[in-house]
$ cat structure.pdb   # PDB, C-alpha atoms, pLDDT in the B column
ATOM      1  CA  MET A 291     -11.439 -31.263 -42.536  1.00 39.00           C
ATOM      2  CA  VAL A 292      -9.147 -29.971 -45.285  1.00 37.00           C
ATOM      3  CA  LYS A 293      -9.475 -26.326 -46.180  1.00 44.00           C
ATOM      4  CA  VAL A 294      -9.600 -25.693 -49.914  1.00 42.00           C
ATOM      5  CA  PRO A 295      -7.767 -22.492 -50.828  1.00 58.00           C
ATOM      6  CA  GLY A 296     -10.280 -19.821 -51.680  1.00 88.00           C
ATOM      7  CA  ARG A 297     -10.245 -16.942 -54.058  1.00 90.00           C
ATOM      8  CA  ILE A 298      -8.683 -14.582 -51.484  1.00 92.00           C
ATOM      9  CA  ASP A 299      -5.834 -17.027 -50.803  1.00 93.00           C
ATOM     10  CA  GLU A 300      -5.194 -17.399 -54.525  1.00 94.00           C
ATOM     11  CA  ILE A 301      -5.061 -13.621 -54.989  1.00 94.00           C
ATOM     12  CA  CYS A 302      -2.718 -13.261 -51.989  1.00 94.00           C
ATOM     13  CA  ASP A 303      -0.440 -15.971 -53.356  1.00 94.00           C
ATOM     14  CA  LYS A 304      -0.354 -14.387 -56.803  1.00 94.00           C
ATOM     15  CA  LEU A 305       0.406 -10.909 -55.427  1.00 94.00           C
ATOM     16  CA  SER A 306       3.014 -12.289 -53.051  1.00 94.00           C
ATOM     17  CA  GLU A 307       4.809 -14.047 -55.901  1.00 94.00           C
ATOM     18  CA  GLU A 308       4.622 -10.914 -58.067  1.00 92.00           C
ATOM     19  CA  PHE A 309       6.112  -8.857 -55.231  1.00 92.00           C
ATOM     20  CA  ARG A 310       8.914 -11.370 -54.697  1.00 91.00           C
ATOM     21  CA  ARG A 311       9.771 -11.189 -58.399  1.00 88.00           C
ATOM     22  CA  SER A 312       9.578  -7.400 -58.396  1.00 84.00           C
ATOM     23  CA  VAL A 313      11.469  -6.783 -55.154  1.00 82.00           C
ATOM     24  CA  PRO A 314      13.735  -9.729 -54.342  1.00 82.00           C
ATOM     25  CA  LEU A 315      15.093  -9.996 -50.820  1.00 80.00           C
ATOM     26  CA  GLN A 316      18.500  -8.379 -50.579  1.00 66.00           C
ATOM     27  CA  THR A 317      20.500 -11.275 -49.177  1.00 60.00           C
ATOM     28  CA  ASP A 318      23.476 -10.476 -51.391  1.00 44.00           C
ATOM     29  CA  ARG A 319      25.901  -7.793 -50.357  1.00 43.00           C
ATOM     30  CA  GLY A 320      26.119  -4.560 -52.291  1.00 48.00           C
ATOM     31  CA  LYS A 321      29.248  -2.561 -53.117  1.00 49.00           C
ATOM     32  CA  ARG A 322      32.126  -2.821 -50.645  1.00 52.00           C
ATOM     33  CA  GLY A 323      30.369  -5.621 -48.749  1.00 56.00           C
ATOM     34  CA  LYS A 324      27.656  -3.266 -47.495  1.00 63.00           C
ATOM     35  CA  ARG A 325      24.094  -4.391 -47.316  1.00 68.00           C
ATOM     36  CA  LEU A 326      21.716  -2.226 -49.372  1.00 66.00           C
ATOM     37  CA  SER A 327      19.541   0.115 -47.331  1.00 72.00           C
ATOM     38  CA  GLU A 328      15.774   0.140 -47.572  1.00 72.00           C
ATOM     39  CA  SER A 329      15.880   3.471 -49.409  1.00 74.00           C
ATOM     40  CA  GLU A 330      18.313   2.053 -51.990  1.00 71.00           C
ATOM     41  CA  ILE A 331      16.069  -0.980 -52.458  1.00 64.00           C
ATOM     42  CA  LYS A 332      13.043   1.276 -52.903  1.00 63.00           C
ATOM     43  CA  ALA A 333      14.795   3.522 -55.421  1.00 71.00           C
ATOM     44  CA  SER A 334      15.931   0.591 -57.529  1.00 68.00           C
ATOM     45  CA  SER A 335      12.474  -0.977 -57.493  1.00 69.00           C
ATOM     46  CA  GLU A 336      10.117   1.838 -58.517  1.00 79.00           C
ATOM     47  CA  LEU A 337       9.252   0.413 -61.929  1.00 80.00           C
ATOM     48  CA  ALA A 338       8.892  -3.069 -60.499  1.00 82.00           C
ATOM     49  CA  LEU A 339       6.516  -1.761 -57.836  1.00 83.00           C
ATOM     50  CA  LYS A 340       4.465   0.018 -60.480  1.00 85.00           C
ATOM     51  CA  LYS A 341       4.008  -3.331 -62.234  1.00 87.00           C
ATOM     52  CA  PHE A 342       3.093  -4.951 -58.910  1.00 89.00           C
ATOM     53  CA  TYR A 343       0.419  -2.303 -58.249  1.00 89.00           C
ATOM     54  CA  GLU A 344      -0.958  -2.770 -61.761  1.00 90.00           C
ATOM     55  CA  THR A 345      -1.228  -6.520 -61.145  1.00 91.00           C
ATOM     56  CA  ALA A 346      -3.036  -5.820 -57.858  1.00 91.00           C
ATOM     57  CA  TYR A 347      -5.452  -3.492 -59.640  1.00 90.00           C
ATOM     58  CA  GLN A 348      -6.157  -6.129 -62.291  1.00 91.00           C
ATOM     59  CA  GLU A 349      -6.817  -8.741 -59.598  1.00 91.00           C
ATOM     60  CA  ARG A 350      -9.176  -6.359 -57.817  1.00 89.00           C
ATOM     61  CA  GLN A 351     -11.097  -5.684 -61.023  1.00 89.00           C
ATOM     62  CA  SER A 352     -11.188  -9.227 -62.377  1.00 91.00           C
ATOM     63  CA  HIS A 353     -12.436 -10.704 -59.091  1.00 89.00           C
ATOM     64  CA  GLY A 354     -14.763  -7.831 -58.234  1.00 88.00           C
ATOM     65  CA  LEU A 355     -13.329  -7.446 -54.738  1.00 86.00           C
ATOM     66  CA  GLY A 356     -15.449  -5.449 -52.347  1.00 86.00           C
ATOM     67  CA  VAL A 357     -14.185  -3.583 -49.314  1.00 87.00           C
ATOM     68  CA  ILE A 358     -13.977  -6.694 -47.111  1.00 88.00           C
ATOM     69  CA  GLY A 359     -12.275  -8.707 -49.862  1.00 89.00           C
ATOM     70  CA  ARG A 360      -9.689  -5.976 -50.380  1.00 89.00           C
ATOM     71  CA  ALA A 361      -8.990  -5.845 -46.657  1.00 90.00           C
ATOM     72  CA  ARG A 362      -8.577  -9.625 -46.518  1.00 92.00           C
ATOM     73  CA  VAL A 363      -6.189  -9.551 -49.474  1.00 93.00           C
ATOM     74  CA  ALA A 364      -4.133  -6.769 -47.863  1.00 93.00           C
ATOM     75  CA  PHE A 365      -3.929  -8.680 -44.568  1.00 94.00           C
ATOM     76  CA  GLY A 366      -3.039 -11.964 -46.292  1.00 95.00           C
ATOM     77  CA  LEU A 367      -0.393 -10.263 -48.409  1.00 95.00           C
ATOM     78  CA  GLN A 368       1.079  -8.630 -45.312  1.00 96.00           C
ATOM     79  CA  GLN A 369       1.371 -11.999 -43.574  1.00 96.00           C
ATOM     80  CA  ARG A 370       3.001 -13.639 -46.597  1.00 95.00           C
ATOM     81  CA  LEU A 371       5.556 -10.863 -47.090  1.00 95.00           C
ATOM     82  CA  LEU A 372       6.525 -10.852 -43.418  1.00 95.00           C
ATOM     83  CA  GLN A 373       6.877 -14.639 -43.439  1.00 95.00           C
ATOM     84  CA  ALA A 374       9.056 -14.366 -46.546  1.00 94.00           C
ATOM     85  CA  GLY A 375      11.482 -12.202 -44.563  1.00 93.00           C
ATOM     86  CA  TYR A 376      10.771  -8.695 -45.825  1.00 93.00           C
ATOM     87  CA  PRO A 377      11.429  -5.989 -43.204  1.00 93.00           C
ATOM     88  CA  PRO A 378       8.246  -4.789 -41.463  1.00 94.00           C
ATOM     89  CA  PRO A 379       8.821  -1.089 -42.358  1.00 93.00           C
ATOM     90  CA  LEU A 380       9.051  -1.988 -46.062  1.00 89.00           C
ATOM     91  CA  VAL A 381       5.943  -4.180 -45.887  1.00 93.00           C
ATOM     92  CA  LYS A 382       4.043  -1.416 -44.091  1.00 94.00           C
ATOM     93  CA  GLN A 383       5.058   1.159 -46.692  1.00 91.00           C
ATOM     94  CA  VAL A 384       4.171  -1.074 -49.646  1.00 89.00           C
ATOM     95  CA  LEU A 385       0.789  -2.073 -48.200  1.00 91.00           C
ATOM     96  CA  PHE A 386      -0.085   1.517 -47.331  1.00 92.00           C
ATOM     97  CA  ALA A 387       0.673   2.545 -50.922  1.00 89.00           C
ATOM     98  CA  LEU A 388      -1.307  -0.440 -52.218  1.00 88.00           C
ATOM     99  CA  LEU A 389      -4.328   0.460 -50.119  1.00 88.00           C
ATOM    100  CA  ALA A 390      -4.143   4.155 -50.945  1.00 88.00           C
ATOM    101  CA  THR A 391      -3.602   3.855 -54.685  1.00 84.00           C
ATOM    102  CA  VAL A 392      -5.140   0.571 -55.789  1.00 84.00           C
ATOM    103  CA  PHE A 393      -7.681  -0.634 -53.257  1.00 79.00           C
ATOM    104  CA  VAL A 394      -9.449   2.632 -52.345  1.00 79.00           C
ATOM    105  CA  GLY A 395     -12.302   3.933 -54.438  1.00 65.00           C
ATOM    106  CA  GLY A 396     -14.392   2.496 -57.205  1.00 56.00           C
ATOM    107  CA  LYS A 397     -12.806   3.262 -60.561  1.00 53.00           C
ATOM    108  CA  ARG A 398      -9.440   4.601 -61.508  1.00 48.00           C
TER     109      ARG A 398
END
$ encode --input "structure.pdb" --output "C-alpha cells"
Amino acid sequence: MVKVPGRIDEICDKLSEEFRRSVPLQTDRGKRGKRLSESEIKASSELALKKFYETAYQERQSHGLGVIGRARVAFGLQQRLLQAGYPPPLVKQVLFALLATVFVGGKR
C-alpha cells in the first residue's frame, strides 16, 4: 500500500523548505575560519524568521488547522529540520516560538 502525502505532510514540507531558505545551514566558515555560533545565526536571521512565521500563520489559516493539526505540523516540521541537520537547540527554540506566536489561540 502506497501512502499518498496528506495535507499535513504538504504543510510540513512547505514550512521546512521556507525555513531552509530563511535560515540556511551554516556549513561555510565565517570570519577567520570560525564557524558561526547559534546566537550569530539567530541575530542574522530575525527578518527571515519573521517571514517564516508569517508563512506558517498563512498555512494555519488557509487550511483551517485545529489543535491536533497544528501539533502534527509542529512535530513533522521538527523531524524534517532535525533530519536536515539543524542543531536540536535551534530547532527547539524555533518550534517553541512557532507554537507560542503562531499556533496558539484563535485569531491574531
$ residues_near_point --input "structure.pdb" --point "(10.9, -14.6, -47.7)" --cutoff "10 Å" --atoms "all atoms listed in the file" --output "PyMOL selection string"
chain A and resi 306+310+314-315+370-377
$ atom_distance --input "structure.pdb" --atom1 "CA of Ala338 in chain A" --atom2 "CA of Lys382 in chain A"
17.2 Å
$ closest_residue --input "structure.pdb" --among "A:Glu336, A:Gly296, A:Glu344, A:Val381" --to "Phe365 in chain A" --atoms "all atoms listed in the file"
A:Val381
$ closest_residue --input "structure.pdb" --among "A:Arg362, A:Ser312, A:Ser352, A:Leu380" --to "Ser327 in chain A" --atoms "all atoms listed in the file"
A:Leu380
$ closest_residue --input "structure.pdb" --among "A:Leu339, A:Ala346, A:Ile298, A:Val394" --to "Gly359 in chain A" --atoms "all atoms listed in the file"
A:Ile298
$ atom_distance --input "structure.pdb" --atom1 "CA of Val357 in chain A" --atom2 "CA of Pro379 in chain A"
24.2 Å
$ residues_around --input "structure.pdb" --residues "Gly366 in chain A" --least-positions-apart "6" --cutoff "10 Å" --atoms "only C-alpha atoms" --output "PDB file with C-alpha atoms, in the coordinates of the input"
ATOM      1  CA  ILE A 298      -8.683 -14.582 -51.484  1.00 92.00           C
ATOM      2  CA  ASP A 299      -5.834 -17.027 -50.803  1.00 93.00           C
ATOM      3  CA  ILE A 301      -5.061 -13.621 -54.989  1.00 94.00           C
ATOM      4  CA  CYS A 302      -2.718 -13.261 -51.989  1.00 94.00           C
ATOM      5  CA  ASP A 303      -0.440 -15.971 -53.356  1.00 94.00           C
ATOM      6  CA  LEU A 305       0.406 -10.909 -55.427  1.00 94.00           C
ATOM      7  CA  SER A 306       3.014 -12.289 -53.051  1.00 94.00           C
ATOM      8  CA  ARG A 360      -9.689  -5.976 -50.380  1.00 89.00           C
TER       9      ARG A 360
END
